[in-house]
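Okay, target00.txt now, which holds compact mmCIF, C-alpha atoms:
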# COMPACT_ATOMS: atom_id res chain seq x y z
CA MET A 409 10.73 -31.69 7.79
CA ALA A 410 11.89 -35.00 9.30
CA ALA A 411 10.52 -33.99 12.70
CA MET A 412 7.18 -33.06 11.18
CA ILE A 413 6.93 -36.40 9.44
CA ALA A 414 7.75 -38.28 12.64
CA CYS A 415 5.17 -36.34 14.66
CA ASN A 416 2.44 -37.16 12.15
CA ASN A 417 3.37 -40.84 11.88
CA THR A 418 3.60 -40.58 8.09
CA GLU A 419 4.54 -43.89 6.55
CA ILE A 420 7.17 -43.67 3.81
CA ILE A 421 7.41 -46.62 1.44
CA ASP A 422 10.14 -46.77 -1.19
CA VAL A 423 9.19 -48.95 -4.15
CA GLY A 424 11.71 -49.24 -6.93
CA GLY A 425 13.36 -45.97 -5.92
CA LYS A 426 10.07 -43.97 -5.98
CA LEU A 427 8.29 -42.55 -2.95
CA THR A 428 4.66 -43.68 -2.90
CA ASN A 429 3.72 -40.80 -0.58
CA ALA A 430 5.44 -38.12 -2.66
CA ILE A 431 3.65 -34.95 -3.67
CA THR A 432 3.10 -34.86 -7.45
CA PHE A 433 1.39 -32.42 -9.79
CA ASP A 434 -1.39 -33.36 -12.19
CA ASN A 435 -3.60 -31.74 -14.84
CA VAL A 436 -1.44 -28.71 -15.49
CA ASN A 437 -3.66 -26.37 -17.54
CA THR A 438 -3.17 -22.83 -18.75
CA ARG A 439 -5.03 -20.10 -20.60
CA ALA A 440 -1.88 -19.41 -22.62
CA GLY A 441 -1.05 -22.88 -23.91
CA LEU A 442 1.57 -25.25 -22.54
CA SER A 443 4.48 -24.55 -24.89
CA ASP A 444 6.21 -21.93 -22.71
CA LEU A 445 5.85 -24.08 -19.60
CA LYS A 446 7.22 -27.11 -21.43
CA ASP A 447 10.17 -25.16 -22.81
CA ASN A 448 11.18 -23.38 -19.63
CA GLY A 449 9.47 -25.02 -16.66
CA PHE A 450 7.90 -23.02 -13.84
CA GLY A 451 8.44 -22.31 -10.15
CA VAL A 452 6.44 -23.85 -7.29
CA TRP A 453 6.20 -22.72 -3.69
CA ALA A 454 4.50 -24.75 -0.98
CA CYS A 455 3.82 -24.39 2.72
CA VAL A 456 1.93 -26.50 5.26
CA SER A 457 -0.11 -25.86 8.41
CA SER A 458 -0.96 -28.57 10.91
CA LYS A 459 -4.63 -28.90 11.87
CA ASP A 460 -3.69 -30.25 15.30
CA ALA A 461 -4.77 -27.84 18.03
CA GLY A 462 -1.85 -25.95 19.52
CA SER A 463 0.63 -27.08 16.85
CA SER A 464 3.46 -24.67 16.08
CA VAL A 465 3.51 -25.80 12.44
CA GLN A 466 1.80 -22.84 10.73
CA TYR A 467 2.45 -22.02 7.06
CA GLU A 468 5.79 -23.80 7.27
CA PRO A 469 7.67 -23.56 3.92
CA LEU A 470 8.23 -26.80 2.04
CA LEU A 471 9.14 -25.62 -1.46
CA ASP A 472 10.72 -22.29 -2.30
CA ASN A 473 10.70 -21.42 -6.01
CA GLU A 474 11.25 -25.10 -6.82
CA ARG A 475 11.75 -25.55 -10.55
CA VAL A 476 9.34 -27.96 -12.20
CA TYR A 477 10.66 -29.05 -15.59
CA LEU A 478 10.50 -31.67 -18.31
CA LYS A 479 13.14 -34.37 -18.26
CA ASP A 480 13.12 -37.28 -20.69
CA GLY A 481 9.52 -36.47 -21.52
CA GLU A 482 8.37 -36.43 -17.88
CA TRP A 483 7.70 -33.56 -15.51
CA THR A 484 9.88 -33.61 -12.45
CA TYR A 485 11.32 -31.55 -9.60
CA ASP A 486 14.38 -32.21 -7.48
CA ASN A 487 13.43 -31.43 -3.88
CA THR A 488 10.74 -34.10 -3.38
CA GLN A 489 8.30 -33.46 -0.53
CA LEU A 490 5.81 -35.80 1.16
CA TRP A 491 2.20 -35.50 2.18
CA ILE A 492 1.55 -35.12 5.89
CA SER A 493 -1.70 -36.23 7.50
CA ASN A 494 -4.05 -33.82 9.29
CA SER A 495 -2.62 -30.81 7.47
CA MET A 496 -3.41 -28.01 5.05
CA PHE A 497 -1.05 -27.73 2.06
CA TYR A 498 -0.85 -24.49 0.09
CA PHE A 499 0.71 -24.52 -3.39
CA PHE A 500 1.62 -21.46 -5.48
CA ALA A 501 3.09 -21.74 -8.99
CA ALA A 502 4.39 -18.98 -11.25
CA TYR A 503 5.83 -18.57 -14.73
CA PRO A 504 8.40 -17.24 -15.52
CA GLN A 505 10.33 -18.61 -12.61
CA GLY A 506 12.22 -16.23 -10.36
CA ILE A 507 9.84 -13.24 -10.36
CA PHE A 508 8.31 -13.91 -6.93
CA GLN A 509 10.07 -14.00 -3.59
CA GLN A 510 9.07 -15.78 -0.39
CA HIS A 511 8.71 -13.83 2.84
CA ARG A 512 8.05 -14.99 6.41
CA GLU A 513 6.18 -12.58 8.65
CA VAL A 514 5.21 -12.72 12.33
CA SER A 515 1.85 -11.26 13.35
CA ASP A 516 -0.14 -11.89 16.54
CA GLU A 517 2.44 -14.47 17.64
CA ARG A 518 1.89 -16.51 14.48
CA THR A 519 4.21 -16.81 11.51
CA TYR A 520 2.86 -16.51 7.99
CA THR A 521 4.37 -17.17 4.56
CA LEU A 522 3.82 -14.60 1.80
CA TYR A 523 4.84 -14.46 -1.84
CA TYR A 524 5.50 -11.07 -3.43
CA ALA A 525 6.85 -9.50 -6.63
CA ASP A 526 7.45 -5.99 -7.89
CA ILE A 527 5.89 -6.04 -11.35
CA THR A 528 6.33 -3.62 -14.24
CA ALA A 529 3.61 -3.90 -16.88
CA ASP A 530 3.39 -0.73 -18.94
CA GLY A 531 1.98 -2.09 -22.19
CA SER A 532 5.33 -1.93 -23.98
CA ALA A 533 6.28 -4.57 -26.52
CA ASP A 534 8.65 -6.26 -24.05
CA THR A 535 6.05 -6.56 -21.25
CA GLU A 536 6.27 -10.16 -20.08
CA ASP A 537 3.18 -12.33 -19.66
CA ILE A 538 3.04 -13.74 -16.11
CA LEU A 539 1.07 -16.89 -15.30
CA LEU A 540 -0.04 -17.89 -11.80
CA SER A 541 -1.79 -20.86 -10.22
CA THR A 542 -2.77 -21.76 -6.66
CA ASN A 543 -4.07 -24.89 -4.98
CA VAL A 544 -5.08 -25.82 -1.42
CA THR A 545 -5.19 -29.48 -0.35
CA ASP A 546 -6.65 -30.62 2.97
CA THR A 547 -5.25 -34.04 3.96
CA THR A 548 -8.01 -34.56 6.53
CA VAL A 549 -10.48 -34.99 3.65
CA GLU A 550 -11.02 -38.65 2.94
CA GLY A 551 -9.70 -39.63 -0.47
CA TYR A 552 -7.92 -36.32 -1.06
CA SER A 553 -6.00 -36.22 -4.32
CA GLU A 554 -2.31 -36.97 -3.92
CA THR A 555 -1.63 -35.13 -7.16
CA VAL A 556 -1.95 -31.35 -7.24
CA PRO A 557 -3.93 -29.90 -10.17
CA LEU A 558 -2.64 -26.55 -11.41
CA THR A 559 -4.60 -24.26 -13.73
CA PHE A 560 -2.58 -21.22 -14.71
CA SER A 561 -4.15 -17.87 -15.55
CA HIS A 562 -2.74 -14.46 -16.46
CA LEU A 563 -1.68 -12.10 -13.69
CA LEU A 564 -1.94 -9.03 -15.91
CA THR A 565 -4.89 -7.27 -17.54
CA LYS A 566 -5.08 -6.93 -21.31
CA VAL A 567 -6.45 -3.54 -22.47
CA ASN A 568 -7.26 -2.31 -25.96
CA VAL A 569 -8.95 0.56 -27.76
CA SER A 570 -10.97 0.12 -30.97
CA ILE A 571 -11.71 3.22 -33.04
CA SER A 572 -14.13 3.66 -35.93
CA GLN A 573 -15.84 6.53 -37.72
CA ASN A 574 -19.38 7.45 -36.71
CA PHE A 575 -20.96 7.30 -40.17
CA LYS A 576 -24.43 8.09 -38.81
CA ALA A 577 -23.22 11.43 -37.45
CA ASP A 578 -20.81 12.19 -40.30
CA PRO A 579 -21.08 9.97 -43.39
CA ASP A 580 -19.35 12.35 -45.82
CA PHE A 581 -15.88 13.21 -44.61
CA ASN A 582 -12.72 11.36 -43.63
CA TYR A 583 -10.89 10.75 -40.36
CA TYR A 584 -7.25 9.70 -40.00
CA VAL A 585 -5.94 8.54 -36.61
CA LYS A 586 -2.49 9.98 -35.88
CA LYS A 587 -1.93 9.06 -32.23
CA VAL A 588 -3.77 7.40 -29.35
CA THR A 589 -2.80 7.97 -25.72
CA ILE A 590 -4.05 6.51 -22.46
CA GLU A 591 -2.91 8.63 -19.54
CA GLY A 592 -3.35 8.37 -15.78
CA ILE A 593 -2.73 4.63 -15.54
CA LYS A 594 -0.19 2.85 -13.35
CA GLY A 595 2.65 0.93 -14.97
CA ASN A 596 3.94 -0.97 -11.96
CA GLY A 597 2.88 -2.35 -8.61
CA THR A 598 3.59 -4.92 -5.93
CA VAL A 599 1.67 -8.17 -6.14
CA VAL A 600 1.30 -10.17 -2.92
CA LEU A 601 -0.27 -13.62 -2.52
CA PHE A 602 -0.66 -15.16 0.89
CA PRO A 603 -2.30 -18.36 2.12
CA TYR A 604 -4.66 -17.96 5.02
CA GLU A 605 -7.23 -20.29 6.56
CA GLY A 606 -7.75 -22.58 3.60
CA ALA A 607 -7.50 -20.09 0.75
CA PHE A 608 -5.21 -17.66 -1.05
CA ALA A 609 -5.66 -13.89 -1.02
CA GLU A 610 -4.16 -11.70 -3.75
CA ILE A 611 -3.37 -8.00 -3.53
CA CYS A 612 -2.00 -5.70 -6.22
CA ASP A 613 -0.76 -2.51 -4.56
CA THR A 614 -0.20 0.45 -6.91
CA SER A 615 -0.42 3.16 -4.22
CA ASN A 616 3.26 4.09 -4.57
CA SER A 617 3.32 3.90 -8.38
CA ASN A 618 3.66 6.88 -10.69
CA SER A 619 1.18 7.45 -13.49
CA ILE A 620 2.34 6.71 -17.03
CA GLN A 621 1.21 7.33 -20.58
CA LEU A 622 0.56 4.47 -22.99
CA VAL A 623 1.09 5.85 -26.49
CA LYS A 624 0.56 4.45 -29.97
CA GLU A 625 1.63 6.77 -32.80
CA TYR A 626 1.19 6.07 -36.51
CA PRO A 627 3.93 7.51 -38.77
CA LYS A 628 1.33 7.25 -41.54
CA PRO A 629 -2.06 8.16 -40.04
CA ARG A 630 -4.71 5.43 -40.40
CA ILE A 631 -7.85 6.26 -42.37
CA LEU A 632 -11.15 5.11 -40.85
CA ARG A 633 -12.93 4.61 -44.18
CA ASN A 634 -12.85 1.92 -46.84
CA ILE A 635 -12.80 4.14 -49.91
CA ASP A 636 -15.48 3.20 -52.49
CA ALA A 637 -16.49 0.10 -50.49
CA ALA A 638 -20.15 -0.83 -49.99
CA ASP A 639 -19.43 -0.95 -46.26
CA PRO A 640 -16.99 1.89 -45.51
CA THR A 641 -16.48 0.86 -41.86
CA VAL A 642 -12.91 0.42 -40.63
CA VAL A 643 -12.27 -0.67 -37.03
CA LEU A 644 -8.77 0.26 -35.90
CA SER A 645 -7.51 -2.01 -33.13
CA VAL A 646 -4.91 0.30 -31.63
CA TRP A 647 -2.87 -2.17 -29.59
CA GLY A 648 -3.38 -5.23 -31.77
CA SER A 649 -4.45 -8.08 -29.51
CA GLY A 650 -4.15 -5.79 -26.47
CA ALA A 651 -1.57 -4.12 -24.22
CA MET A 652 -0.62 -5.95 -21.02
CA LEU A 653 -1.02 -3.72 -17.97
CA ILE A 654 -0.95 -4.03 -14.20
CA PRO A 655 -4.34 -4.80 -12.55
CA GLN A 656 -5.56 -1.58 -10.95
CA THR A 657 -8.49 0.56 -9.89
CA ILE A 658 -9.52 3.28 -12.34
CA GLU A 659 -11.22 6.11 -10.46
CA ALA A 660 -13.84 8.47 -11.88
CA GLY A 661 -12.07 11.09 -14.00
CA GLU A 662 -11.51 14.72 -13.09
CA GLN A 663 -9.55 17.55 -14.74
CA ASP A 664 -8.81 21.21 -13.95
CA GLU A 665 -9.88 24.27 -15.94
CA GLN A 666 -6.78 24.00 -18.10
CA GLY A 667 -7.61 20.42 -19.01
CA ASN A 668 -4.90 18.82 -16.88
CA LEU A 669 -5.80 15.41 -15.53
CA LEU A 670 -6.35 15.45 -11.77
CA LYS A 671 -7.88 12.03 -11.15
CA GLY A 672 -8.67 8.87 -13.03
CA ALA A 673 -7.55 7.99 -16.55
CA ARG A 674 -8.51 9.17 -20.00
CA ILE A 675 -8.07 8.32 -23.67
CA ILE A 676 -6.80 10.99 -26.05
CA VAL A 677 -7.12 10.59 -29.83
CA ASP A 678 -5.18 12.91 -32.17
CA TYR A 679 -6.67 12.72 -35.65
CA TYR A 680 -6.94 14.52 -38.98
CA TYR A 681 -10.34 15.67 -40.19
CA ASP A 682 -10.60 15.93 -43.98
CA VAL A 683 -13.59 17.33 -45.86
CA THR A 684 -12.49 15.68 -49.11
CA VAL A 685 -13.34 12.02 -49.67
CA ASP A 686 -10.00 10.69 -50.84
CA ASP A 687 -7.03 8.98 -49.22
CA ASP A 688 -4.89 12.11 -48.85
CA TYR A 689 -4.93 13.94 -45.52
CA THR A 690 -2.45 16.70 -46.46
CA ASP A 691 -5.18 19.36 -46.45
CA ALA A 692 -6.89 17.97 -43.35
CA THR A 693 -7.30 19.70 -39.99
CA LEU A 694 -5.55 18.24 -36.95
CA LYS A 695 -7.95 17.72 -34.03
CA GLN A 696 -7.90 16.07 -30.62
CA ALA A 697 -10.69 14.21 -28.83
CA THR A 698 -10.65 13.09 -25.20
CA ALA A 699 -12.74 10.88 -22.98
CA PHE A 700 -12.48 9.73 -19.38
CA ILE A 701 -12.35 6.02 -18.78
CA PRO A 702 -15.34 5.19 -16.56
CA ALA A 703 -14.53 4.02 -13.04
CA ILE A 704 -13.69 0.34 -13.13
CA GLN A 705 -11.53 -2.34 -11.55
CA TRP A 706 -9.09 -3.81 -14.06
CA LYS A 707 -8.79 -7.41 -12.90
CA SER A 708 -6.21 -10.09 -13.58
CA SER A 709 -6.81 -12.32 -16.59
CA GLU A 710 -9.42 -9.98 -18.10
CA SER A 711 -9.36 -8.59 -21.64
CA ILE A 712 -10.97 -5.13 -21.74
CA ASN A 713 -11.76 -3.34 -24.99
CA TYR A 714 -12.90 0.30 -25.18
CA LYS A 715 -14.81 1.11 -28.37
CA LEU A 716 -14.71 4.70 -29.62
CA SER A 717 -16.36 6.30 -32.65
CA LEU A 718 -15.27 9.64 -34.10
CA ALA A 719 -17.40 12.43 -35.54
CA ASN A 720 -16.60 16.11 -35.99
CA VAL A 721 -16.41 16.91 -32.27
CA THR A 722 -13.52 17.11 -29.85
CA LEU A 723 -15.22 15.25 -27.03
CA ILE A 724 -15.83 11.54 -27.31
CA THR A 725 -17.77 9.28 -25.01
CA ILE A 726 -16.97 5.70 -24.08
CA ASP A 727 -19.70 3.13 -23.86
CA LYS A 728 -19.55 0.31 -21.35
CA PRO A 729 -16.41 -1.65 -22.31
CA SER A 730 -16.50 -5.25 -23.41
CA ILE A 731 -14.86 -7.42 -20.76
CA GLU A 732 -13.95 -11.00 -21.53
CA SER A 733 -11.86 -13.70 -19.97
CA TRP A 734 -8.35 -13.58 -21.39
CA GLY A 735 -8.25 -16.97 -23.06
CA ALA A 736 -9.92 -20.22 -22.07
CA PRO A 737 -8.20 -22.92 -20.00
CA GLN A 738 -6.50 -25.47 -22.23
CA THR A 739 -5.93 -28.99 -20.98
CA GLY A 740 -2.59 -30.49 -21.90
CA GLY A 741 -3.45 -33.99 -20.77
CA THR A 742 -2.35 -35.52 -17.52
CA ILE A 743 1.02 -34.23 -16.37
CA ILE A 744 2.43 -36.01 -13.35
CA ILE A 745 5.63 -34.82 -11.78
CA LYS A 746 7.62 -37.81 -10.60

Could you take the file, read its structure, and then write that structure out as C-alpha cells?
Amino acid sequence: MAAMIACNNTEIIDVGGKLTNAITFDNVNTRAGLSDLKDNGFGVWACVSSKDAGSSVQYEPLLDNERVYLKDGEWTYDNTQLWISNSMFYFFAAYPQGIFQQHREVSDERTYTLYYADITADGSADTEDILLSTNVTDTTVEGYSETVPLTFSHLLTKVNVSISQNFKADPDFNYYVKKVTIEGIKGNGTVVLFPYEGAFAEICDTSNSNSIQLVKEYPKPRILRNIDAADPTVVLSVWGSGAMLIPQTIEAGEQDEQGNLLKGARIIVDYYYDVTVDDDYTDATLKQATAFIPAIQWKSSESINYKLSLANVTLITIDKPSIESWGAPQTGGTIIIK
C-alpha cells in the first residue's frame, strides 16, 4: 500500500491525529432498519485498480472483511485506508460479518478479486437475513465523494402463499387447510460478487444444489370461512410475512404419469372438504390440490406472494404472483466512519 501511495503522489496530512485523506463511509441506509447494523457492525471489503495504462495494480485488496462498528457513538474501523488518485475503488459490505470470503483469481494474465459465500436459505425459522451493499468510486471524477454511501438490501428472496376459499365456485361448503408444501426448490447455493470494469456482477449458482421441500403443517387445520360473518372470506398467509429462500430460477413444471415432479416447482395443498357449514371438520373428506409455479426468476430483495383459491377440485391454478420490493430503503441520517 505504501508503494502505491508513493507512485500516485498522494498527499497525506495528519491534523489532530486524523487523516484528511482517509476513506470514510456515509449515508448508510438499509431496507431492514439500522438496529442490527448498530448492534453488531458489518464487514467491508475493498479493492482498487489503477487507471494508469500498463499499471499492475488491478483489483488490489485494501480491506478484507474489515469490521465497521459503533464506538462511543461514532462509526469506525481499525485498518484505515486512503484514497488514491487516478483509480477505481470497489467497496462491498455484508451483514452479518464473516459469511463471505475473499478470493484472488488469475485469468488472462490479470488478477481479479472475488467475494463468495455458500448460503443455506431453506425457509426455516432460523434462516438468517443477509444484507449486502456495493459501491464504486472513480477518483478521476472531479469532486468525487470522499465518503462512501452504502445502501444495504436483502440478498435472499421472500416467498409466501396466500390461500382463500373460492366462494363464487363453492359458496356453501367449508375448507380446512391441513398442510402446504412447496417442492422442487433449491435450499442452498453459492453467491459470488466480483468487481469488473466499473461495476459489480452478482451470481447465485444453485446448479449443484439438491431440491428441498418447504412444508407448513397445521396441527389444527385452518378453516377458510368466517362462520356467520357478512363477509366470510379468510385469507390464510401460510408463511406469515414470508419464507426466506435462495434466489433461483424456477423452470416450467413437468411431472410423470405417476405425478412425480420431474422439472420445476409446485405447490401442494392438503385440505379437508366439509359439506356441513360448521367449524367441525371431523366428518370432512381429505383432499389434495396441486399447481405448478409458473416459470420465473426469484430475485434478491423481492417479496413474492402466490395467491391460491380453493374449490371442490384437486387441481388449482396460480395467477401471476404479486412481486414487490422487500422493504423500502430507510435513511438513518449521516453516518461517517472516522

Which residues of stretch 563-631 of chain A come within 6 Å of stretch 697-718 of chain A, and for each one, what is the closest pair of atoms and their distance in Å to one decimal, counting all atoms listed in the file, sorted by chain and residue number, as a Markdown table?
| residue | atom | partner | partner_atom | distance |
| --- | --- | --- | --- | --- |
| A:Leu563 | CA | A:Ser708 | CA | 5.0 |
| A:Leu564 | CA | A:Ser708 | CA | 5.0 |
| A:Thr565 | CA | A:Ser708 | CA | 5.0 |
| A:Lys566 | CA | A:Ser711 | CA | 4.6 |
| A:Val567 | CA | A:Ile712 | CA | 4.8 |
| A:Asn568 | CA | A:Asn713 | CA | 4.7 |
| A:Val569 | CA | A:Tyr714 | CA | 4.7 |
| A:Ser570 | CA | A:Lys715 | CA | 4.7 |
| A:Ile571 | CA | A:Leu716 | CA | 4.8 |
| A:Ser572 | CA | A:Ser717 | CA | 4.8 |
| A:Gln573 | CA | A:Leu718 | CA | 4.8 |
| A:Asn574 | CA | A:Ser717 | CA | 5.2 |

Residues within 9 Å of A:Gly592, only C-alpha atoms, excluding chain neighbours under 3 positions, as a VMD selection string: chain A and resid 618 to 621 658 669 to 674

Residues within 8 Å of (8.2, -20.1, 4.0), file coords, all atoms listed in the file, listed as an NGL selection string: :A and (454-455 or 467-472 or 510-512 or 520-522)

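Residues with any atom within 12 Å of A:Lys586, counting only C-alpha atoms and excluding same-chain neighbours fewer than 4 positions away, are Ile571, Val623, Lys624, Glu625, Tyr626, Pro627, Lys628, Pro629, Arg630, Ile631, Leu632, Leu644, Val646, Ile676, Val677, Asp678, Tyr679, Tyr680, Tyr681, Tyr689, Ala692, Thr693, Leu694, Lys695, Gln696 and Ala697 of chain A.
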
Atom CA of A:Thr545 to atom CA of A:Phe608, straight-line distance in Å: 11.8 Å

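The shell of residues at most 10 Å from A:Arg518, with all atoms listed in the file counted and near chain neighbours (fewer than 6 positions) removed, consists of Ser464, Val465, Gln466 and Tyr467 of chain A.
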
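Nearest residue to A:Phe560, choosing from A:Pro579, A:Gly462, A:Pro504, A:Pro640 and counting all atoms listed in the file: A:Pro504.
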
Point (5.2, -0.8, -21.0), cut-off 10 Å, counting only C-alpha atoms, residues as JSON, numbers by chain: {"A": [528, 529, 530, 531, 532, 533, 534, 535, 536, 595, 596, 620, 621, 622, 623, 651, 652, 653, 654]}

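For the pair atom CA of A:Val549 and atom CA of A:Gly451, the interatomic distance is 26.6 Å.
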
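Our summary of the geometry notes that atom CA of A:Phe500 is positioned 24.7 Å from atom CA of A:Glu732.
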
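Minimum atom-to-atom distances from A:Glu554, A:Glu513, A:Glu610, A:Asp636 to A:Ser541 were compared using only C-alpha atoms, and the lowest value belongs to A:Glu610.
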
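Using only C-alpha atoms, the smallest distance between any of A:Ser463, A:Thr488, A:Thr684, A:Ser443 and A:Phe581 comes from A:Thr684.
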